[in-house]
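coords_0.txt follows; it contains compact mmCIF, C-alpha atoms and all ligand atoms.
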```txt
# COMPACT_ATOMS: atom_id res chain seq x y z
CA MET A 1 67.98 65.91 35.88
CA LYS A 2 65.02 65.56 38.22
CA LEU A 3 65.08 62.65 40.66
CA HIS A 4 61.87 60.95 41.75
CA VAL A 5 63.06 58.55 44.47
CA TYR A 6 60.79 55.93 46.06
CA PRO A 7 61.36 53.42 48.91
CA ASN A 8 60.95 50.34 46.70
CA SER A 9 60.50 49.20 43.11
CA SER A 10 56.69 48.85 43.15
CA GLN A 11 56.23 52.43 44.39
CA THR A 12 58.74 53.58 41.78
CA LEU A 13 56.68 51.88 39.07
CA ALA A 14 53.49 53.53 40.38
CA GLY A 15 55.14 56.94 40.41
CA CYS A 16 56.39 56.47 36.87
CA ALA A 17 52.96 55.31 35.68
CA GLU A 18 51.39 58.43 37.21
CA PHE A 19 53.99 60.60 35.48
CA ILE A 20 53.24 58.97 32.12
CA ALA A 21 49.51 59.54 32.65
CA ILE A 22 50.13 63.24 33.29
CA LYS A 23 52.42 63.66 30.28
CA MET A 24 50.08 61.76 27.93
CA ALA A 25 47.13 63.92 29.01
CA GLU A 26 49.23 67.06 28.46
CA ALA A 27 50.26 66.04 24.93
CA ILE A 28 46.75 64.92 23.92
CA GLY A 29 45.25 68.11 25.34
CA LEU A 30 47.66 70.31 23.37
CA ARG A 31 48.00 68.40 20.08
CA GLY A 32 45.29 65.74 20.01
CA VAL A 33 47.83 62.93 19.96
CA ALA A 34 50.68 61.66 22.14
CA ARG A 35 53.71 59.90 20.64
CA ILE A 36 55.62 57.70 23.07
CA ALA A 37 58.70 55.52 22.51
CA LEU A 38 58.91 52.48 24.79
CA ALA A 39 61.85 50.47 26.15
CA GLY A 40 62.58 46.81 26.59
CA GLY A 41 63.94 45.18 29.74
CA THR A 42 62.50 43.69 32.92
CA THR A 43 61.90 47.01 34.71
CA PRO A 44 59.82 48.55 31.89
CA LYS A 45 57.99 45.21 31.51
CA ALA A 46 56.65 45.51 35.07
CA LEU A 47 55.54 49.07 34.31
CA TYR A 48 53.57 47.94 31.24
CA ALA A 49 51.69 45.36 33.33
CA LEU A 50 50.81 48.11 35.84
CA LEU A 51 49.62 50.49 33.11
CA ALA A 52 47.38 47.76 31.67
CA ARG A 53 45.48 47.44 34.99
CA PRO A 54 43.14 49.83 36.81
CA PRO A 55 43.43 52.70 37.56
CA PHE A 56 45.72 53.47 34.61
CA ALA A 57 43.85 51.23 32.17
CA GLY A 58 40.82 53.50 32.54
CA SER A 59 42.42 56.87 33.25
CA ILE A 60 44.66 57.30 30.19
CA ASP A 61 43.16 58.12 26.78
CA TRP A 62 44.93 55.17 25.16
CA GLN A 63 43.19 55.55 21.80
CA ARG A 64 44.94 58.91 21.27
CA ILE A 65 48.44 57.53 21.70
CA GLU A 66 50.91 56.35 19.02
CA PHE A 67 53.37 53.76 20.29
CA TYR A 68 56.97 53.62 19.04
CA PHE A 69 60.10 51.94 20.35
CA GLY A 70 63.45 53.25 21.57
CA ASP A 71 65.21 50.11 20.41
CA GLU A 72 64.63 46.57 19.22
CA ARG A 73 66.43 43.30 19.00
CA ALA A 74 67.17 41.63 15.64
CA VAL A 75 64.44 39.02 16.11
CA PRO A 76 60.93 38.51 14.66
CA GLN A 77 57.96 40.18 16.33
CA THR A 78 56.88 36.85 17.84
CA HIS A 79 60.25 36.08 19.43
CA PRO A 80 60.30 36.14 23.27
CA ASP A 81 63.31 38.52 23.15
CA SER A 82 61.42 41.05 21.03
CA ASN A 83 60.65 44.33 22.81
CA TYR A 84 57.56 44.61 20.63
CA HIS A 85 56.46 41.13 21.74
CA GLN A 86 56.93 42.14 25.40
CA VAL A 87 54.84 45.31 25.05
CA GLN A 88 52.25 43.55 22.89
CA THR A 89 51.80 40.91 25.60
CA HIS A 90 51.79 43.19 28.65
CA LEU A 91 50.26 46.41 27.35
CA PHE A 92 48.81 46.43 23.83
CA THR A 93 46.75 43.23 23.99
CA PRO A 94 45.30 43.79 27.49
CA LEU A 95 44.30 47.37 26.52
CA GLY A 96 43.01 46.45 23.05
CA ILE A 97 45.37 48.93 21.35
CA LYS A 98 44.62 49.04 17.62
CA PRO A 99 47.42 47.91 15.24
CA GLU A 100 47.33 51.31 13.47
CA GLN A 101 48.48 52.93 16.73
CA ILE A 102 51.57 50.70 16.99
CA PHE A 103 54.84 51.22 15.09
CA PRO A 104 57.16 48.24 15.65
CA MET A 105 60.81 48.68 14.62
CA ILE A 106 60.91 45.21 13.09
CA SER A 107 58.41 44.30 10.33
CA ASP A 108 56.49 41.06 10.00
CA PRO A 109 58.19 39.19 8.37
CA MET A 110 61.49 40.60 9.56
CA GLN A 111 63.74 42.27 6.95
CA LEU A 112 67.48 42.92 6.97
CA LEU A 113 68.29 45.32 9.80
CA GLY A 114 69.54 48.06 7.46
CA ILE A 115 66.22 47.94 5.59
CA GLU A 116 64.30 48.03 8.86
CA ALA A 117 66.28 51.08 10.01
CA THR A 118 65.51 52.93 6.76
CA ARG A 119 61.84 51.98 6.98
CA TYR A 120 61.62 53.28 10.54
CA GLN A 121 63.46 56.48 9.66
CA HIS A 122 60.78 57.11 7.01
CA ALA A 123 57.99 56.29 9.47
CA LEU A 124 59.38 58.94 11.83
CA GLU A 125 59.96 61.46 9.03
CA ARG A 126 56.26 61.20 8.13
CA TRP A 127 55.36 63.30 11.18
CA ALA A 128 58.69 64.99 11.91
CA ALA A 129 57.81 67.98 9.66
CA GLY A 130 61.23 67.93 7.97
CA GLY A 131 63.25 68.02 11.21
CA VAL A 132 64.12 65.69 14.05
CA PRO A 133 61.03 63.75 15.27
CA VAL A 134 59.86 65.23 18.58
CA PHE A 135 58.46 62.45 20.73
CA ASP A 136 56.21 63.56 23.56
CA PHE A 137 57.71 60.94 25.85
CA ILE A 138 60.57 58.46 25.67
CA LEU A 139 60.82 55.76 28.34
CA ASN A 140 64.26 54.27 28.99
CA GLY A 141 65.68 51.66 31.26
CA MET A 142 69.41 51.69 32.00
CA GLY A 143 71.88 48.81 32.03
CA VAL A 144 74.61 48.31 34.66
CA ASP A 145 77.07 49.54 32.02
CA GLY A 146 75.14 52.78 31.63
CA HIS A 147 73.59 51.89 28.26
CA PHE A 148 70.06 52.94 27.45
CA ALA A 149 67.92 51.85 24.48
CA SER A 150 70.62 50.03 22.45
CA LEU A 151 73.19 52.79 22.80
CA PHE A 152 75.87 50.63 24.38
CA PRO A 153 79.32 51.91 25.38
CA ASP A 154 81.86 52.01 22.52
CA THR A 155 79.34 51.25 19.75
CA PRO A 156 79.03 53.20 16.48
CA ALA A 157 75.45 54.41 17.03
CA LEU A 158 76.76 56.74 19.77
CA HIS A 159 78.21 58.93 16.99
CA GLU A 160 75.20 58.88 14.62
CA ARG A 161 73.78 62.37 14.17
CA ALA A 162 72.28 62.27 10.65
CA ARG A 163 69.67 59.54 11.17
CA TRP A 164 67.14 59.15 13.99
CA VAL A 165 67.30 55.38 13.98
CA THR A 166 70.12 53.04 13.03
CA ALA A 167 71.33 49.44 13.16
CA ASN A 168 74.01 49.15 15.84
CA PRO A 169 76.48 46.27 16.22
CA VAL A 170 76.66 45.38 19.94
CA PRO A 171 79.69 43.10 20.44
CA GLN A 172 78.92 42.99 24.20
CA HIS A 173 75.90 40.81 23.27
CA GLN A 174 77.36 39.31 20.04
CA THR A 175 74.45 40.84 18.16
CA GLU A 176 73.16 43.82 16.19
CA ARG A 177 70.22 45.93 17.34
CA LEU A 178 68.07 48.80 16.11
CA THR A 179 68.13 51.96 18.23
CA LEU A 180 67.01 55.55 18.21
CA THR A 181 70.02 57.87 18.15
CA TYR A 182 70.98 60.85 20.32
CA PRO A 183 69.25 63.48 18.12
CA ALA A 184 65.88 61.77 18.77
CA PHE A 185 66.49 61.55 22.53
CA GLU A 186 67.74 65.15 22.67
CA ALA A 187 64.65 66.46 20.83
CA ALA A 188 61.96 64.68 22.89
CA ARG A 189 59.68 66.75 25.13
CA THR A 190 60.18 64.34 28.03
CA VAL A 191 62.86 61.68 28.53
CA CYS A 192 62.20 59.41 31.51
CA PHE A 193 64.48 56.77 32.98
CA LEU A 194 63.02 53.97 35.10
CA VAL A 195 65.83 52.30 37.07
CA THR A 196 65.59 50.14 40.20
CA GLY A 197 67.82 47.87 42.23
CA HIS A 198 71.17 48.24 43.94
CA GLU A 199 72.94 46.66 40.96
CA LYS A 200 72.29 49.92 39.06
CA HIS A 201 73.75 52.15 41.80
CA ALA A 202 77.23 52.37 40.25
CA ALA A 203 75.83 53.31 36.82
CA PHE A 204 73.59 55.87 38.52
CA CYS A 205 76.56 57.41 40.35
CA ALA A 206 78.46 57.55 37.04
CA LEU A 207 75.88 59.90 35.48
CA ASN A 208 77.92 62.97 36.41
CA GLN A 209 81.16 61.45 35.08
CA THR A 210 82.58 63.69 32.34
CA GLU A 211 85.70 61.59 31.69
CA GLN A 212 84.54 58.91 29.19
CA PRO A 213 80.87 59.35 30.12
CA THR A 214 78.54 56.35 29.79
CA PRO A 215 75.82 56.63 27.12
CA SER A 216 73.28 57.60 29.82
CA ALA A 217 75.68 60.15 31.35
CA ARG A 218 76.15 61.77 27.95
CA LEU A 219 72.40 62.30 27.57
CA VAL A 220 71.90 63.46 31.18
CA GLN A 221 74.68 66.04 30.75
CA HIS A 222 73.09 67.29 27.53
CA ARG A 223 69.40 67.74 28.35
CA HIS A 224 66.82 67.54 31.13
CA THR A 225 65.77 64.03 32.11
CA ASP A 226 63.38 62.63 34.73
CA TRP A 227 64.61 59.67 36.79
CA PHE A 228 62.23 57.31 38.56
CA ILE A 229 64.46 55.28 40.89
CA ASP A 230 64.17 53.35 44.13
CA ALA A 231 66.27 53.78 47.28
CA ALA A 232 68.36 50.76 46.33
CA CYS A 233 69.48 52.38 43.09
CA HIS A 234 69.90 55.75 44.77
CA HIS A 235 71.86 54.64 47.86
CA GLY A 236 73.37 51.33 46.79
CA PRO A 237 73.40 47.97 48.59
CA SER A 238 74.56 49.21 52.03
CA GLN A 239 71.20 50.76 53.00
CA THR A 240 68.93 48.38 51.15
CA PRO A 241 66.75 45.86 52.99
CA ASP A 242 66.76 42.59 51.13
CA THR A 243 63.14 42.77 49.96
CA LYS A 244 62.68 43.76 46.36
CA GLU A 245 58.97 44.11 45.66
CA PHE A 246 58.07 43.68 42.02
CA THR A 247 54.59 43.64 40.57
CA ALA A 248 55.10 42.05 37.17
C1 LIG B 301 66.47 46.46 25.88
C2 LIG B 301 66.27 47.81 26.52
C3 LIG B 301 67.45 48.11 27.40
C4 LIG B 301 66.91 48.02 28.82
C5 LIG B 301 68.01 48.14 29.83
C6 LIG B 301 67.47 47.97 31.26
O1 LIG B 301 66.16 46.30 24.70
O2 LIG B 301 66.84 45.56 26.65
O3 LIG B 301 65.88 48.78 25.71
O4 LIG B 301 67.99 49.38 27.17
O5 LIG B 301 65.95 49.05 29.04
O6 LIG B 301 68.97 47.15 29.56
O7 LIG B 301 66.92 46.69 31.36
P1 LIG B 301 66.47 46.10 32.81
O8 LIG B 301 65.40 47.03 33.32
O9 LIG B 301 65.98 44.72 32.50
O10 LIG B 301 67.71 46.13 33.68
```

Show me this structure written as structure tokens.
Amino acid sequence: MKLHVYPNSSQTLAGCAEFIAIKMAEAIGLRGVARIALAGGTTPKALYALLARPPFAGSIDWQRIEFYFGDERAVPQTHPDSNYHQVQTHLFTPLGIKPEQIFPMISDPMQLLGIEATRYQHALERWAAGGVPVFDFILNGMGVDGHFASLFPDTPALHERARWVTANPVPQHQTERLTLTYPAFEAARTVCFLVTGHEKHAAFCALNQTEQPTPSARLVQHRHTDWFIDAACHHGPSQTPDTKEFTA
């Protein structure tokens, strides 16, 4: 894993945005298109708002990007908890991204989750050339329990290897979610975690845990990942001044 550590959350966001710009340009230059899977959560939300403003609004070739999702909640596209709704509000609408570039996990109107998972699997298979879909870039946040996307500890999707996307019961949140599965994360060209705040320090330290590894630890121990983190996440609360800058 490669660590990109910054003094505070806003500089971490800026570093991550710069990294995305570089990776998108690389993919578009080589293949004419970039396929990115986005995350939900408050940290990624702040990143989307940054990407939708200058300089990133004008420096990334947004029209050549296809937007997918790493996971989604079992709610309609218009619901405030929807990851699609969050990205639509903070990134797609401000940048004028065309609907044909966007691949939400949940349809409008929403279908049964099993049907949505099958539909998304087919959408990925359309460009996966008969194998595992190779995303150019997958953005993840990480929960304090070490989950990423909707791969939560002790949930069935952790063991799914035949499908790239599945419905996953998450008893921790009394809900079911859609999530990409490990094969999709393992195959991606770049997997980037954006994690800030001292409350994530314990989950960050657990990444090298081999005894009952967290979902994030399992991925980190299996393939290269890039981590954009602030000092608070890296060092924990002891060395962290109280200010937490956040440009939402
Ligand atoms: C979701 C996300 C989830 C999120 C992490 C981190 O649907 O909520 O995909 O995996 O990225 O929980 O969220 P925060 O950045 O808000 O802590």

With 9 Å as the cut-off and all atoms listed in the file counted, what is the closest atom pair between each nearby residue of chain A and ligand LIG 301 (chain B)? Distances in Å to one decimal, ordered by chain and number, as JSON lines.
```
{"residue": "A:Leu38", "atom": "CA", "partner": "B:LIG301", "partner_atom": "O3", "distance": 7.9}
{"residue": "A:Ala39", "atom": "CA", "partner": "B:LIG301", "partner_atom": "O3", "distance": 4.4}
{"residue": "A:Gly40", "atom": "CA", "partner": "B:LIG301", "partner_atom": "C2", "distance": 3.8}
{"residue": "A:Gly41", "atom": "CA", "partner": "B:LIG301", "partner_atom": "O9", "distance": 3.5}
{"residue": "A:Thr42", "atom": "CA", "partner": "B:LIG301", "partner_atom": "O9", "distance": 3.7}
{"residue": "A:Thr43", "atom": "CA", "partner": "B:LIG301", "partner_atom": "O8", "distance": 3.8}
{"residue": "A:Pro44", "atom": "CA", "partner": "B:LIG301", "partner_atom": "O8", "distance": 6.0}
{"residue": "A:Lys45", "atom": "CA", "partner": "B:LIG301", "partner_atom": "O8", "distance": 7.8}
{"residue": "A:Phe69", "atom": "CA", "partner": "B:LIG301", "partner_atom": "O3", "distance": 8.5}
{"residue": "A:Gly70", "atom": "CA", "partner": "B:LIG301", "partner_atom": "O3", "distance": 6.6}
{"residue": "A:Asp71", "atom": "CA", "partner": "B:LIG301", "partner_atom": "O3", "distance": 5.5}
{"residue": "A:Glu72", "atom": "CA", "partner": "B:LIG301", "partner_atom": "O1", "distance": 5.7}
{"residue": "A:Arg73", "atom": "CA", "partner": "B:LIG301", "partner_atom": "O1", "distance": 6.4}
{"residue": "A:Asp81", "atom": "CA", "partner": "B:LIG301", "partner_atom": "O1", "distance": 8.4}
{"residue": "A:Ser82", "atom": "CA", "partner": "B:LIG301", "partner_atom": "O1", "distance": 8.0}
{"residue": "A:Asn83", "atom": "CA", "partner": "B:LIG301", "partner_atom": "O1", "distance": 6.1}
{"residue": "A:Leu139", "atom": "CA", "partner": "B:LIG301", "partner_atom": "O5", "distance": 8.5}
{"residue": "A:Asn140", "atom": "CA", "partner": "B:LIG301", "partner_atom": "O5", "distance": 5.5}
{"residue": "A:Gly141", "atom": "CA", "partner": "B:LIG301", "partner_atom": "O5", "distance": 3.4}
{"residue": "A:Met142", "atom": "CA", "partner": "B:LIG301", "partner_atom": "C6", "distance": 4.3}
{"residue": "A:Gly143", "atom": "CA", "partner": "B:LIG301", "partner_atom": "O6", "distance": 4.2}
{"residue": "A:Val144", "atom": "CA", "partner": "B:LIG301", "partner_atom": "O10", "distance": 7.3}
{"residue": "A:Asp145", "atom": "CA", "partner": "B:LIG301", "partner_atom": "O6", "distance": 8.8}
{"residue": "A:Gly146", "atom": "CA", "partner": "B:LIG301", "partner_atom": "O6", "distance": 8.6}
{"residue": "A:His147", "atom": "CA", "partner": "B:LIG301", "partner_atom": "O4", "distance": 6.2}
{"residue": "A:Phe148", "atom": "CA", "partner": "B:LIG301", "partner_atom": "O4", "distance": 4.1}
{"residue": "A:Ala149", "atom": "CA", "partner": "B:LIG301", "partner_atom": "O4", "distance": 3.7}
{"residue": "A:Ser150", "atom": "CA", "partner": "B:LIG301", "partner_atom": "O4", "distance": 5.4}
{"residue": "A:Leu151", "atom": "CA", "partner": "B:LIG301", "partner_atom": "O4", "distance": 7.6}
{"residue": "A:Phe152", "atom": "CA", "partner": "B:LIG301", "partner_atom": "O4", "distance": 8.5}
{"residue": "A:Arg177", "atom": "CA", "partner": "B:LIG301", "partner_atom": "O1", "distance": 8.4}
{"residue": "A:Thr179", "atom": "CA", "partner": "B:LIG301", "partner_atom": "O3", "distance": 8.4}
{"residue": "A:Phe193", "atom": "CA", "partner": "B:LIG301", "partner_atom": "O5", "distance": 8.8}
{"residue": "A:Leu194", "atom": "CA", "partner": "B:LIG301", "partner_atom": "O8", "distance": 7.5}
{"residue": "A:Val195", "atom": "CA", "partner": "B:LIG301", "partner_atom": "O8", "distance": 6.5}
{"residue": "A:Thr196", "atom": "CA", "partner": "B:LIG301", "partner_atom": "O8", "distance": 7.6}
{"residue": "A:Gly197", "atom": "CA", "partner": "B:LIG301", "partner_atom": "O10", "distance": 8.7}
{"residue": "A:Glu199", "atom": "CA", "partner": "B:LIG301", "partner_atom": "O10", "distance": 9.0}
{"residue": "A:Lys200", "atom": "CA", "partner": "B:LIG301", "partner_atom": "O10", "distance": 8.0}
```

Exercise. If we count all atoms listed in the file, what is near His235 (chain A) at a cut-off of 12 Å, once residues fewer than 2 positions away on the same chain are taken out, given as a PyMOL selection string?
Worked result: chain A and resi 5-8+196-205+229-233+237-241

For this session: In Å, rounded to a single decimal, give me how far CA of Asp154 (chain A) is from CA of Gln172 (chain A).
Result: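 Computing the Euclidean distance for CA of Gln172 (chain A) and CA of Asp154 (chain A) yields 9.6 Å.
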
For this session: Please provide as a PyMOL selection string all residues within 9 Å of Ala217 (chain A), with the sequence filter that same-chain residues fewer than 4 positions apart are discarded (counting all atoms listed in the file).
Result: chain A and resi 146+203-204+206-210+213+221-222

Keeping C-alpha atoms, export the residues of the selection given above as a PDB file, in the coordinates of the input.
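So again_24.pdb came out as:
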```
ATOM      1  CA  GLY A 146      75.140  52.780  31.630  1.00  0.00           C
ATOM      2  CA  ALA A 203      75.830  53.310  36.820  1.00  0.00           C
ATOM      3  CA  PHE A 204      73.590  55.870  38.520  1.00  0.00           C
ATOM      4  CA  ALA A 206      78.460  57.550  37.040  1.00  0.00           C
ATOM      5  CA  LEU A 207      75.880  59.900  35.480  1.00  0.00           C
ATOM      6  CA  ASN A 208      77.920  62.970  36.410  1.00  0.00           C
ATOM      7  CA  GLN A 209      81.160  61.450  35.080  1.00  0.00           C
ATOM      8  CA  THR A 210      82.580  63.690  32.340  1.00  0.00           C
ATOM      9  CA  PRO A 213      80.870  59.350  30.120  1.00  0.00           C
ATOM     10  CA  GLN A 221      74.680  66.040  30.750  1.00  0.00           C
ATOM     11  CA  HIS A 222      73.090  67.290  27.530  1.00  0.00           C
TER      12      HIS A 222
END
```

Around all the atoms of region 209-220 of chain A listed in the file, with 3 Å of room on each side, what axis-aligned box do you get, giving centre and edge lengths in Å to one decimal, as JSON?
```
{"center_x": 78.8, "center_y": 60.0, "center_z": 31.1, "size_x": 19.8, "size_y": 13.3, "size_z": 14.0}
```

Exercise. If you count all atoms listed in the file, which residues fall within 9 Å of Gln101 (chain A), apart from same-chain ones fewer than 5 positions away, as a PyMOL selection string?
Worked result: chain A and resi 63-68

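Counting all atoms listed in the file and comparing A:Arg218, A:Gln77, A:His173, A:Val132, the residue that lies closest to His159 (chain A) is A:Arg218.
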
Exercise. Which one of A:Leu219, A:Leu91, A:Ala162, A:Met105 sits closest to Val75 (chain A) if you count only C-alpha atoms?
Worked result: A:Met105

For this session: Take CA of His122 (chain A) and CA of Arg163 (chain A) and report the distance between them in Å, one decimal.
Result: 10.1 Å

Problem set entry | Atomic distance CA of His4 (chain A) - CA of Lys23 (chain A), expressed in Å with one decimal |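 It comes out at 15.1 Å.
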
Exercise. Quick one: residues within 8 Å of Ile138 (chain A), all atoms listed in the file counted, chain neighbours fewer than 2 positions away excluded, as a list in words?
Worked result: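 Skipping anything fewer than 2 positions along the chain leaves Ile36, Ala37, Leu38, Gly70, Phe135, Asp136, Asn140, Phe185, Ala188, Thr190, Val191 and Cys192 of chain A.
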